[in-house]
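Since the structure comes first, as structure tokens, the remarks are kept for the end.
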Amino acid sequence: MTPARVRMARAEDGDAVRGIAAVAMRDFGLEPDFAGLDRELGLFGQAVRGGGAQLVAEVDGRVAGSLILAPAGARTLKLSGFYVDAALRGRGVGRALLLRAIAFAREGGNAGIELETWDKMAAAVALYTTLGWRRGARLPAASGAEWAYTLDLDDGAAPAIRRLTPQHAQAYRALMLEAYALHPDAFTSSVAERAGLPLAWWQARLDTAPQAAAQVFGVFDAAGLAGVAGLSFEARDRTRHKATLFGMYIPQRCRQRGYGRRLLDALLAAAAAARPGLKLVQLTVSEGNEAARALYEAGGFAVFGVEPYAVALDDAYVGKVHMWRLL
């Protein structure tokens, strides 16, 4: 089975989404009310209010799940309509939808995402808490749910993921030169090649124009820039459906904190929204770099080949493992 691809809803998705939701509700002893309490699902696929979104997950070309975000106050969104096809539960579809919802909320400058749920939806509750939602007040019976949960996107303890701009060029250059120096087997570029480039070159790489050739994202913690990764896009008509992940680096002092996975998830969410028609992301990882390969595999990437003698390193050569995943 291919990984779930998350996209914005279309008008024709409504019936499939309501079918999935109805089965899920009845599994938990709830009767759907698409004209009343569940009206947001009754309107699924129609225009959404400004600042909101309707998301659909696809697996092998068919609708596999849904999620709705609606404005709920100053810099706050409310999550509802979160359902996954019963036959595809436990395969990462729900996680993919929630990660895209979080990315959408952050991109819109929102400070939090609220939701309401029931204890009996244990799998969903476990996923919410894993991704940072915290349980709040018990809800009145008339609300149709038991508990309120909130995800704080302004939590100072959590690292922030942001697209880098030319103003970050100095910090980006310093971090990448460190990467080339400490891990020469992991990068095709060398310190000697990149150290002599003018600051303007690094600023150009961080261009934020809509059709920029690349996007670079950084993870920021209390100490500043704590990791980076980029996406490059193809300009030729026949290869515009592909993007390449490049230059991912988390310094040793910032590892074992989940920054790599957060950065990878944000990058994939950005890729899905970056270009119409973008279908997949490719990358290479050096043979023997098992930690990086495990991270990419956990993010849904699969190996499709190995390039021997890919990079010359002094008197030795390093092979590159080629990986890919659908968006």
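Note on naming: chains are A, B, ... as they come in the structure tokens, residues start from 1 per chain, ligands start from 1 in the order shown.
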
Mind running segment 117-230 of chain A against segment 302-323 of chain A at 8 Å and telling me each contacting residue's nearest atom pair with the distance in Å (one decimal), counting only C-alpha atoms, chain and number ascending, as a tab-separated table?
residue	atom	partner	partner_atom	distance
A:Pro184	CA	A:Leu313	CA	7.6
A:Asp185	CA	A:Val318	CA	6.8
A:Thr188	CA	A:Val311	CA	6.4

Contacts of Asp33 of chain A at 12 Å or less, counting only C-alpha atoms, minus same-chain residues fewer than 3 places along, as a ChimeraX atom specification? /A:18,21-22,25-26,30,36-43,144

Could the residues in this selection be saved with C-alpha atoms as an mmCIF file, in the first residue's frame?
data_model
loop_
_atom_site.group_PDB
_atom_site.id
_atom_site.type_symbol
_atom_site.label_atom_id
_atom_site.label_comp_id
_atom_site.auth_asym_id
_atom_site.auth_seq_id
_atom_site.Cartn_x
_atom_site.Cartn_y
_atom_site.Cartn_z
ATOM 1 C CA ARG A 18 -19.872 10.986 4.682
ATOM 2 C CA ALA A 21 -17.869 9.034 8.812
ATOM 3 C CA ALA A 22 -21.189 7.210 9.072
ATOM 4 C CA MET A 25 -19.855 6.855 14.094
ATOM 5 C CA ARG A 26 -21.986 3.733 14.139
ATOM 6 C CA LEU A 30 -23.413 7.195 17.393
ATOM 7 C CA GLY A 36 -27.834 18.954 12.360
ATOM 8 C CA LEU A 37 -25.065 18.133 14.829
ATOM 9 C CA ASP A 38 -22.768 16.872 12.040
ATOM 10 C CA ARG A 39 -23.668 19.612 9.577
ATOM 11 C CA GLU A 40 -20.021 20.360 8.771
ATOM 12 C CA LEU A 41 -19.802 16.876 7.239
ATOM 13 C CA GLY A 42 -23.103 17.398 5.443
ATOM 14 C CA LEU A 43 -21.470 20.390 3.733
ATOM 15 C CA GLY A 144 -22.355 15.875 21.909
#

What parts of segment 29-112 of chain A does DSSP call helix (DSSP H, G or I)? I'd like the answer as number ranges by chain. A: 39-42, 86-88, 93-107

Spatial neighbours of Leu280 of chain A, 9 Å, only C-alpha atoms, chain gap at least 5 places, as a short mmCIF file (atom, residue, chain, number, x, y, z; two decimals) with N, CA, C and O atoms, in the first residue's frame:
data_model
loop_
_atom_site.label_atom_id
_atom_site.label_comp_id
_atom_site.auth_asym_id
_atom_site.auth_seq_id
_atom_site.Cartn_x
_atom_site.Cartn_y
_atom_site.Cartn_z
N HIS A 241 6.53 17.04 -11.54
CA HIS A 241 5.80 16.28 -10.54
C HIS A 241 6.71 15.78 -9.42
O HIS A 241 6.24 15.16 -8.46
N LYS A 242 8.02 16.08 -9.51
CA LYS A 242 8.99 15.58 -8.52
C LYS A 242 9.64 16.74 -7.77
O LYS A 242 9.88 17.80 -8.34
N ALA A 243 9.94 16.50 -6.51
CA ALA A 243 10.76 17.42 -5.71
C ALA A 243 11.86 16.60 -5.05
O ALA A 243 11.73 15.38 -4.88
N THR A 244 12.94 17.25 -4.67
CA THR A 244 14.07 16.57 -4.03
C THR A 244 14.35 17.20 -2.67
O THR A 244 14.47 18.42 -2.56
N ALA A 271 5.69 20.51 0.97
CA ALA A 271 5.81 20.01 -0.41
C ALA A 271 4.44 19.81 -1.03
O ALA A 271 4.22 20.14 -2.20
N ALA A 272 3.51 19.27 -0.24
CA ALA A 272 2.17 18.99 -0.77
C ALA A 272 1.45 20.27 -1.18
O ALA A 272 0.61 20.26 -2.08
N TRP A 324 12.30 7.36 -2.00
CA TRP A 324 11.20 8.19 -2.51
C TRP A 324 9.93 7.92 -1.70
O TRP A 324 9.82 6.91 -1.00
N ARG A 325 8.98 8.85 -1.81
CA ARG A 325 7.63 8.63 -1.29
C ARG A 325 6.64 9.52 -2.02
O ARG A 325 6.97 10.63 -2.46
N LEU A 326 5.41 9.02 -2.17
CA LEU A 326 4.33 9.82 -2.73
C LEU A 326 3.84 10.82 -1.69
O LEU A 326 3.92 10.57 -0.48
N LEU A 327 3.32 11.93 -2.15
CA LEU A 327 2.72 12.91 -1.24
C LEU A 327 1.26 12.58 -1.02
O LEU A 327 0.62 11.97 -1.87
#

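Of the listed residues (A:Val48, A:Ala171, A:Val63, A:Leu115), A:Leu115 comes nearest to Lys78 of chain A; the distances count only C-alpha atoms.
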
Within segment 20-200 of chain A, find each residue whose DSSP state, derived from the backbone, is strand (DSSP E or B), and express the selection as a compact mmCIF listing (two decimals) with all heavy atoms, in the first residue's frame.
# COMPACT_ATOMS: atom_id res chain seq x y z
N ALA A 53 -10.19 24.99 6.52
CA ALA A 53 -9.78 24.03 5.48
C ALA A 53 -10.54 22.73 5.65
O ALA A 53 -10.93 22.36 6.76
CB ALA A 53 -8.28 23.76 5.55
N GLN A 54 -10.76 22.05 4.54
CA GLN A 54 -11.28 20.68 4.53
C GLN A 54 -10.20 19.82 3.88
O GLN A 54 -9.79 20.07 2.74
CB GLN A 54 -12.58 20.58 3.74
CG GLN A 54 -13.72 21.37 4.33
CD GLN A 54 -14.94 21.41 3.42
OE1 GLN A 54 -14.84 21.15 2.22
NE2 GLN A 54 -16.09 21.72 3.98
N LEU A 55 -9.71 18.82 4.60
CA LEU A 55 -8.63 17.98 4.12
C LEU A 55 -9.13 16.57 3.83
O LEU A 55 -10.01 16.05 4.54
CB LEU A 55 -7.50 17.91 5.16
CG LEU A 55 -6.89 19.23 5.60
CD1 LEU A 55 -5.81 18.99 6.66
CD2 LEU A 55 -6.32 20.00 4.42
N VAL A 56 -8.55 15.97 2.82
CA VAL A 56 -8.87 14.60 2.45
C VAL A 56 -7.56 13.81 2.34
O VAL A 56 -6.58 14.31 1.79
CB VAL A 56 -9.62 14.55 1.10
CG1 VAL A 56 -9.62 13.16 0.50
CG2 VAL A 56 -11.06 15.03 1.28
N ALA A 57 -7.56 12.60 2.87
CA ALA A 57 -6.44 11.67 2.66
C ALA A 57 -6.84 10.68 1.59
O ALA A 57 -7.97 10.17 1.59
CB ALA A 57 -6.10 10.94 3.95
N GLU A 58 -5.91 10.43 0.68
CA GLU A 58 -6.12 9.44 -0.38
C GLU A 58 -5.10 8.32 -0.23
O GLU A 58 -3.94 8.57 0.10
CB GLU A 58 -5.91 10.08 -1.76
CG GLU A 58 -7.05 10.87 -2.29
CD GLU A 58 -6.79 11.32 -3.73
OE1 GLU A 58 -5.63 11.22 -4.19
OE2 GLU A 58 -7.73 11.79 -4.39
N VAL A 59 -5.52 7.10 -0.47
CA VAL A 59 -4.63 5.95 -0.54
C VAL A 59 -4.96 5.19 -1.82
O VAL A 59 -6.12 4.81 -2.04
CB VAL A 59 -4.78 5.03 0.69
CG1 VAL A 59 -3.96 3.76 0.50
CG2 VAL A 59 -4.35 5.75 1.95
N ARG A 62 -8.08 6.46 -3.77
CA ARG A 62 -9.43 6.56 -3.22
C ARG A 62 -9.42 7.28 -1.88
O ARG A 62 -8.41 7.27 -1.16
CB ARG A 62 -10.08 5.18 -3.07
CG ARG A 62 -9.49 4.28 -2.01
CD ARG A 62 -10.17 2.92 -2.03
NE ARG A 62 -9.68 2.00 -1.03
CZ ARG A 62 -10.25 1.81 0.15
NH1 ARG A 62 -11.33 2.49 0.48
NH2 ARG A 62 -9.75 0.93 1.01
N VAL A 63 -10.55 7.90 -1.54
CA VAL A 63 -10.65 8.66 -0.30
C VAL A 63 -10.53 7.71 0.89
O VAL A 63 -11.20 6.69 0.97
CB VAL A 63 -11.99 9.42 -0.24
CG1 VAL A 63 -12.18 10.10 1.11
CG2 VAL A 63 -12.05 10.46 -1.36
N ALA A 64 -9.61 8.07 1.82
CA ALA A 64 -9.33 7.21 2.96
C ALA A 64 -9.61 7.88 4.30
O ALA A 64 -9.60 7.22 5.33
CB ALA A 64 -7.86 6.76 2.92
N GLY A 65 -9.84 9.20 4.29
CA GLY A 65 -10.09 9.88 5.55
C GLY A 65 -10.35 11.35 5.33
O GLY A 65 -10.17 11.88 4.22
N SER A 66 -10.79 12.03 6.39
CA SER A 66 -11.15 13.44 6.28
C SER A 66 -10.81 14.18 7.56
O SER A 66 -10.62 13.58 8.63
CB SER A 66 -12.65 13.59 6.01
OG SER A 66 -13.40 13.08 7.11
N LEU A 67 -10.75 15.51 7.44
CA LEU A 67 -10.52 16.38 8.60
C LEU A 67 -10.97 17.78 8.23
O LEU A 67 -10.74 18.22 7.09
CB LEU A 67 -9.04 16.37 8.99
CG LEU A 67 -8.63 17.11 10.26
CD1 LEU A 67 -7.40 16.44 10.89
CD2 LEU A 67 -8.32 18.58 10.00
N ILE A 68 -11.59 18.47 9.17
CA ILE A 68 -12.09 19.82 8.94
C ILE A 68 -11.46 20.77 9.97
O ILE A 68 -11.39 20.44 11.16
CB ILE A 68 -13.63 19.88 9.06
CG1 ILE A 68 -14.28 18.96 8.02
CG2 ILE A 68 -14.14 21.31 8.91
CD1 ILE A 68 -15.77 18.74 8.25
N LEU A 69 -11.03 21.93 9.50
CA LEU A 69 -10.55 23.00 10.37
C LEU A 69 -11.42 24.23 10.12
O LEU A 69 -11.61 24.63 8.97
CB LEU A 69 -9.09 23.35 10.09
CG LEU A 69 -8.04 22.30 10.47
CD1 LEU A 69 -6.68 22.70 9.93
CD2 LEU A 69 -7.98 22.12 11.99
N ALA A 70 -11.93 24.83 11.20
CA ALA A 70 -12.76 26.02 11.08
C ALA A 70 -12.31 27.07 12.08
O ALA A 70 -11.91 26.73 13.20
CB ALA A 70 -14.23 25.67 11.32
N PRO A 71 -12.36 28.36 11.73
CA PRO A 71 -12.00 29.41 12.69
C PRO A 71 -12.87 29.32 13.93
O PRO A 71 -14.08 29.10 13.86
CB PRO A 71 -12.27 30.70 11.91
CG PRO A 71 -12.20 30.30 10.47
CD PRO A 71 -12.73 28.90 10.41
N THR A 76 -7.24 30.85 16.53
CA THR A 76 -7.59 29.50 16.98
C THR A 76 -8.45 28.82 15.93
O THR A 76 -9.36 29.43 15.36
CB THR A 76 -8.34 29.53 18.32
OG1 THR A 76 -7.54 30.19 19.30
CG2 THR A 76 -8.64 28.11 18.81
N LEU A 77 -8.17 27.54 15.68
CA LEU A 77 -8.97 26.72 14.79
C LEU A 77 -9.62 25.59 15.58
O LEU A 77 -9.06 25.12 16.57
CB LEU A 77 -8.11 26.13 13.67
CG LEU A 77 -7.45 27.11 12.71
CD1 LEU A 77 -6.54 26.37 11.73
CD2 LEU A 77 -8.49 27.92 11.96
N LYS A 78 -10.79 25.16 15.11
CA LYS A 78 -11.44 23.99 15.71
C LYS A 78 -11.37 22.84 14.72
O LYS A 78 -11.71 22.98 13.55
CB LYS A 78 -12.89 24.28 16.07
CG LYS A 78 -13.56 23.08 16.75
CD LYS A 78 -14.94 23.40 17.26
CE LYS A 78 -15.56 22.19 17.96
NZ LYS A 78 -16.91 22.47 18.49
N LEU A 79 -10.92 21.69 15.21
CA LEU A 79 -10.81 20.48 14.39
C LEU A 79 -12.04 19.63 14.59
O LEU A 79 -12.48 19.37 15.72
CB LEU A 79 -9.54 19.73 14.80
CG LEU A 79 -9.12 18.51 13.98
CD1 LEU A 79 -7.61 18.29 14.12
CD2 LEU A 79 -9.85 17.24 14.41
N SER A 80 -12.60 19.16 13.49
CA SER A 80 -13.74 18.24 13.54
C SER A 80 -13.70 17.37 12.30
O SER A 80 -12.80 17.48 11.47
CB SER A 80 -15.06 19.04 13.61
OG SER A 80 -15.24 19.79 12.41
N GLY A 81 -14.70 16.50 12.16
CA GLY A 81 -14.80 15.67 10.96
C GLY A 81 -13.60 14.79 10.70
O GLY A 81 -13.29 14.49 9.55
N PHE A 82 -12.92 14.36 11.77
CA PHE A 82 -11.70 13.55 11.63
C PHE A 82 -12.09 12.07 11.65
O PHE A 82 -12.40 11.50 12.69
CB PHE A 82 -10.74 13.86 12.78
CG PHE A 82 -9.47 13.05 12.77
CD1 PHE A 82 -8.72 12.90 11.62
CD2 PHE A 82 -9.03 12.43 13.93
CE1 PHE A 82 -7.54 12.16 11.62
CE2 PHE A 82 -7.85 11.69 13.95
CZ PHE A 82 -7.12 11.55 12.78
N TYR A 83 -12.09 11.47 10.45
CA TYR A 83 -12.47 10.06 10.32
C TYR A 83 -11.56 9.37 9.31
O TYR A 83 -11.10 9.99 8.35
CB TYR A 83 -13.93 9.95 9.85
CG TYR A 83 -14.92 10.47 10.87
CD1 TYR A 83 -15.47 11.74 10.73
CD2 TYR A 83 -15.25 9.70 11.97
CE1 TYR A 83 -16.36 12.22 11.68
CE2 TYR A 83 -16.14 10.18 12.93
CZ TYR A 83 -16.68 11.44 12.78
OH TYR A 83 -17.55 11.92 13.72
N VAL A 84 -11.31 8.09 9.57
CA VAL A 84 -10.46 7.28 8.70
C VAL A 84 -11.23 6.01 8.33
O VAL A 84 -11.91 5.40 9.17
CB VAL A 84 -9.13 6.91 9.40
CG1 VAL A 84 -8.32 5.94 8.55
CG2 VAL A 84 -8.32 8.17 9.67
N GLY A 112 -3.40 27.94 18.20
CA GLY A 112 -3.88 26.70 18.77
C GLY A 112 -4.93 26.02 17.92
O GLY A 112 -5.53 26.64 17.03
N ILE A 113 -5.13 24.72 18.21
CA ILE A 113 -6.19 23.94 17.56
C ILE A 113 -6.98 23.24 18.66
O ILE A 113 -6.40 22.50 19.48
CB ILE A 113 -5.62 22.88 16.59
CG1 ILE A 113 -4.70 23.52 15.55
CG2 ILE A 113 -6.77 22.14 15.90
CD1 ILE A 113 -4.05 22.50 14.63
N GLU A 114 -8.28 23.46 18.67
CA GLU A 114 -9.17 22.83 19.65
C GLU A 114 -9.92 21.68 19.01
O GLU A 114 -10.15 21.67 17.79
CB GLU A 114 -10.17 23.86 20.19
CG GLU A 114 -9.53 25.07 20.85
CD GLU A 114 -10.54 26.14 21.22
OE1 GLU A 114 -11.70 26.06 20.70
OE2 GLU A 114 -10.20 27.04 21.99
N LEU A 115 -10.34 20.72 19.82
CA LEU A 115 -11.21 19.65 19.34
C LEU A 115 -12.01 19.10 20.51
O LEU A 115 -11.70 19.36 21.68
CB LEU A 115 -10.40 18.54 18.66
CG LEU A 115 -9.37 17.77 19.49
CD1 LEU A 115 -10.01 16.57 20.24
CD2 LEU A 115 -8.26 17.27 18.60
N GLU A 116 -13.06 18.34 20.19
CA GLU A 116 -13.89 17.68 21.19
C GLU A 116 -14.00 16.21 20.82
O GLU A 116 -14.13 15.88 19.64
CB GLU A 116 -15.28 18.32 21.24
CG GLU A 116 -15.25 19.79 21.63
CD GLU A 116 -16.61 20.47 21.54
OE1 GLU A 116 -17.58 19.79 21.07
OE2 GLU A 116 -16.72 21.64 21.92
N THR A 117 -13.95 15.33 21.82
CA THR A 117 -13.98 13.90 21.52
C THR A 117 -14.53 13.11 22.70
O THR A 117 -14.95 13.68 23.72
CB THR A 117 -12.57 13.41 21.13
OG1 THR A 117 -12.66 12.08 20.62
CG2 THR A 117 -11.60 13.45 22.31
N ARG A 134 -3.63 18.46 24.66
CA ARG A 134 -3.81 18.26 26.10
C ARG A 134 -5.28 18.32 26.46
O ARG A 134 -6.03 19.17 25.96
CB ARG A 134 -3.05 19.35 26.88
CG ARG A 134 -1.54 19.30 26.65
CD ARG A 134 -0.84 20.45 27.33
NE ARG A 134 0.59 20.44 27.06
CZ ARG A 134 1.43 21.40 27.41
NH1 ARG A 134 0.97 22.46 28.05
NH2 ARG A 134 2.71 21.32 27.12
N ARG A 135 -5.68 17.40 27.34
CA ARG A 135 -7.10 17.36 27.71
C ARG A 135 -7.45 18.53 28.62
O ARG A 135 -6.71 18.88 29.53
CB ARG A 135 -7.42 16.04 28.42
CG ARG A 135 -8.92 15.83 28.61
CD ARG A 135 -9.27 14.41 28.96
NE ARG A 135 -9.01 14.11 30.34
CZ ARG A 135 -9.36 12.97 30.93
NH1 ARG A 135 -9.96 12.02 30.22
NH2 ARG A 135 -9.08 12.75 32.19
N GLY A 136 -8.62 19.12 28.35
CA GLY A 136 -9.10 20.23 29.16
C GLY A 136 -10.35 19.86 29.92
O GLY A 136 -10.42 18.81 30.57
N ALA A 137 -11.36 20.70 29.84
CA ALA A 137 -12.56 20.53 30.65
C ALA A 137 -13.49 19.44 30.10
O ALA A 137 -13.53 19.20 28.89
CB ALA A 137 -13.32 21.86 30.70
N ARG A 138 -14.22 18.80 31.02
CA ARG A 138 -15.30 17.90 30.60
C ARG A 138 -16.44 18.76 30.05
O ARG A 138 -16.79 19.79 30.62
CB ARG A 138 -15.79 17.05 31.77
CG ARG A 138 -16.92 16.10 31.37
CD ARG A 138 -17.39 15.27 32.55
NE ARG A 138 -16.47 14.20 32.85
CZ ARG A 138 -16.45 13.01 32.27
NH1 ARG A 138 -17.35 12.75 31.31
NH2 ARG A 138 -15.59 12.10 32.61
N TRP A 147 -14.97 15.44 26.14
CA TRP A 147 -13.80 16.19 26.57
C TRP A 147 -13.34 17.18 25.51
O TRP A 147 -13.42 16.91 24.31
CB TRP A 147 -12.63 15.25 26.88
CG TRP A 147 -12.87 14.34 28.02
CD1 TRP A 147 -13.28 13.02 27.97
CD2 TRP A 147 -12.76 14.66 29.41
NE1 TRP A 147 -13.41 12.51 29.24
CE2 TRP A 147 -13.10 13.49 30.15
CE3 TRP A 147 -12.42 15.81 30.11
CZ2 TRP A 147 -13.09 13.45 31.54
CZ3 TRP A 147 -12.41 15.77 31.51
CH2 TRP A 147 -12.73 14.61 32.21
N ALA A 148 -12.82 18.30 25.97
CA ALA A 148 -12.17 19.27 25.10
C ALA A 148 -10.66 19.03 25.16
O ALA A 148 -10.11 18.75 26.22
CB ALA A 148 -12.48 20.69 25.54
N TYR A 149 -10.01 19.12 24.01
CA TYR A 149 -8.55 19.00 23.91
C TYR A 149 -8.02 20.22 23.16
O TYR A 149 -8.68 20.73 22.24
CB TYR A 149 -8.15 17.74 23.16
CG TYR A 149 -8.20 16.47 23.97
CD1 TYR A 149 -9.43 15.87 24.26
CD2 TYR A 149 -7.04 15.87 24.43
CE1 TYR A 149 -9.49 14.70 25.00
CE2 TYR A 149 -7.09 14.70 25.17
CZ TYR A 149 -8.32 14.12 25.46
OH TYR A 149 -8.36 12.96 26.20
N THR A 150 -6.83 20.68 23.54
CA THR A 150 -6.21 21.84 22.91
C THR A 150 -4.75 21.56 22.57
O THR A 150 -4.01 21.01 23.40
CB THR A 150 -6.28 23.08 23.83
OG1 THR A 150 -7.64 23.36 24.14
CG2 THR A 150 -5.66 24.29 23.15
N LEU A 151 -4.36 21.93 21.38
CA LEU A 151 -2.96 21.89 20.96
C LEU A 151 -2.45 23.33 20.94
O LEU A 151 -2.95 24.17 20.21
CB LEU A 151 -2.81 21.28 19.57
CG LEU A 151 -1.39 21.28 18.97
CD1 LEU A 151 -0.47 20.38 19.79
CD2 LEU A 151 -1.41 20.83 17.52
N ASP A 152 -1.43 23.61 21.76
CA ASP A 152 -0.87 24.95 21.86
C ASP A 152 0.28 25.08 20.88
O ASP A 152 1.35 24.50 21.07
CB ASP A 152 -0.38 25.19 23.30
CG ASP A 152 0.12 26.61 23.50
OD1 ASP A 152 0.10 27.39 22.53
OD2 ASP A 152 0.55 26.93 24.62
N ALA A 160 9.96 25.58 17.00
CA ALA A 160 9.16 26.17 15.93
C ALA A 160 9.77 25.80 14.58
O ALA A 160 10.99 25.79 14.43
CB ALA A 160 9.12 27.69 16.08
N ILE A 161 8.92 25.48 13.63
CA ILE A 161 9.37 25.16 12.27
C ILE A 161 8.96 26.33 11.39
O ILE A 161 7.78 26.68 11.31
CB ILE A 161 8.73 23.86 11.74
CG1 ILE A 161 8.92 22.71 12.73
CG2 ILE A 161 9.31 23.53 10.37
CD1 ILE A 161 10.34 22.25 12.90
N ARG A 162 9.94 26.93 10.71
CA ARG A 162 9.65 28.07 9.84
C ARG A 162 10.44 27.98 8.55
O ARG A 162 11.56 27.46 8.55
CB ARG A 162 9.99 29.40 10.55
CG ARG A 162 9.18 29.69 11.77
CD ARG A 162 9.27 31.16 12.16
NE ARG A 162 10.59 31.54 12.62
CZ ARG A 162 10.99 31.49 13.89
NH1 ARG A 162 10.16 31.04 14.82
NH2 ARG A 162 12.20 31.87 14.23
N ARG A 163 9.86 28.51 7.50
CA ARG A 163 10.61 28.62 6.25
C ARG A 163 11.67 29.71 6.42
O ARG A 163 11.39 30.80 6.93
CB ARG A 163 9.68 28.97 5.09
CG ARG A 163 10.41 29.02 3.75
CD ARG A 163 9.45 29.26 2.60
NE ARG A 163 10.19 29.41 1.35
CZ ARG A 163 9.62 29.67 0.18
NH1 ARG A 163 8.31 29.80 0.11
NH2 ARG A 163 10.35 29.81 -0.90

Quick one: everything within 10 Å of Pro159 of chain A, counting only C-alpha atoms, minus sequence neighbours fewer than 3 positions away in the same chain. Send it as a PyMOL selection string. chain A and resi 153-156+162+218-222+224-226+257-259+262-263

Considering only C-alpha atoms, can you say which of A:Gly61, A:Gly19, A:Gly108, A:Gly73 comes closest to Pro3 of chain A? A:Gly61

Counting only C-alpha atoms, the residue of A:Val285, A:Leu131, A:Ile250, A:Ala4 that sits nearest Leu97 of chain A: A:Ala4

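Coordinates place atom CA of Ala273 of chain A at a distance of 14.5 Å from atom CA of Gly230 of chain A.
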
Between atom CA of Gln46 of chain A and atom CA of Leu278 of chain A, distance in Å (one decimal): 23.6 Å

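In this comparison, which uses only C-alpha atoms, the residue of A:Ala87, A:Ala126, A:Val228, A:Ala223 approaching Tyr172 of chain A most closely is A:Val228.
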
Option closest in space to Arg7 of chain A, from A:Ala124, A:Ala179, A:Ala294, A:Ala96 [counting only C-alpha atoms]: A:Ala96

Contact residues around Gln167 of chain A with only C-alpha atoms at 10 Å, ignoring same-chain residues under 5 positions, as a list in words: Tyr172, Trp202, Gln203, Leu206 and Asp207 of chain A

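Note that the spacing between atom CA of Val93 of chain A and atom CA of Trp133 of chain A amounts to 18.0 Å.
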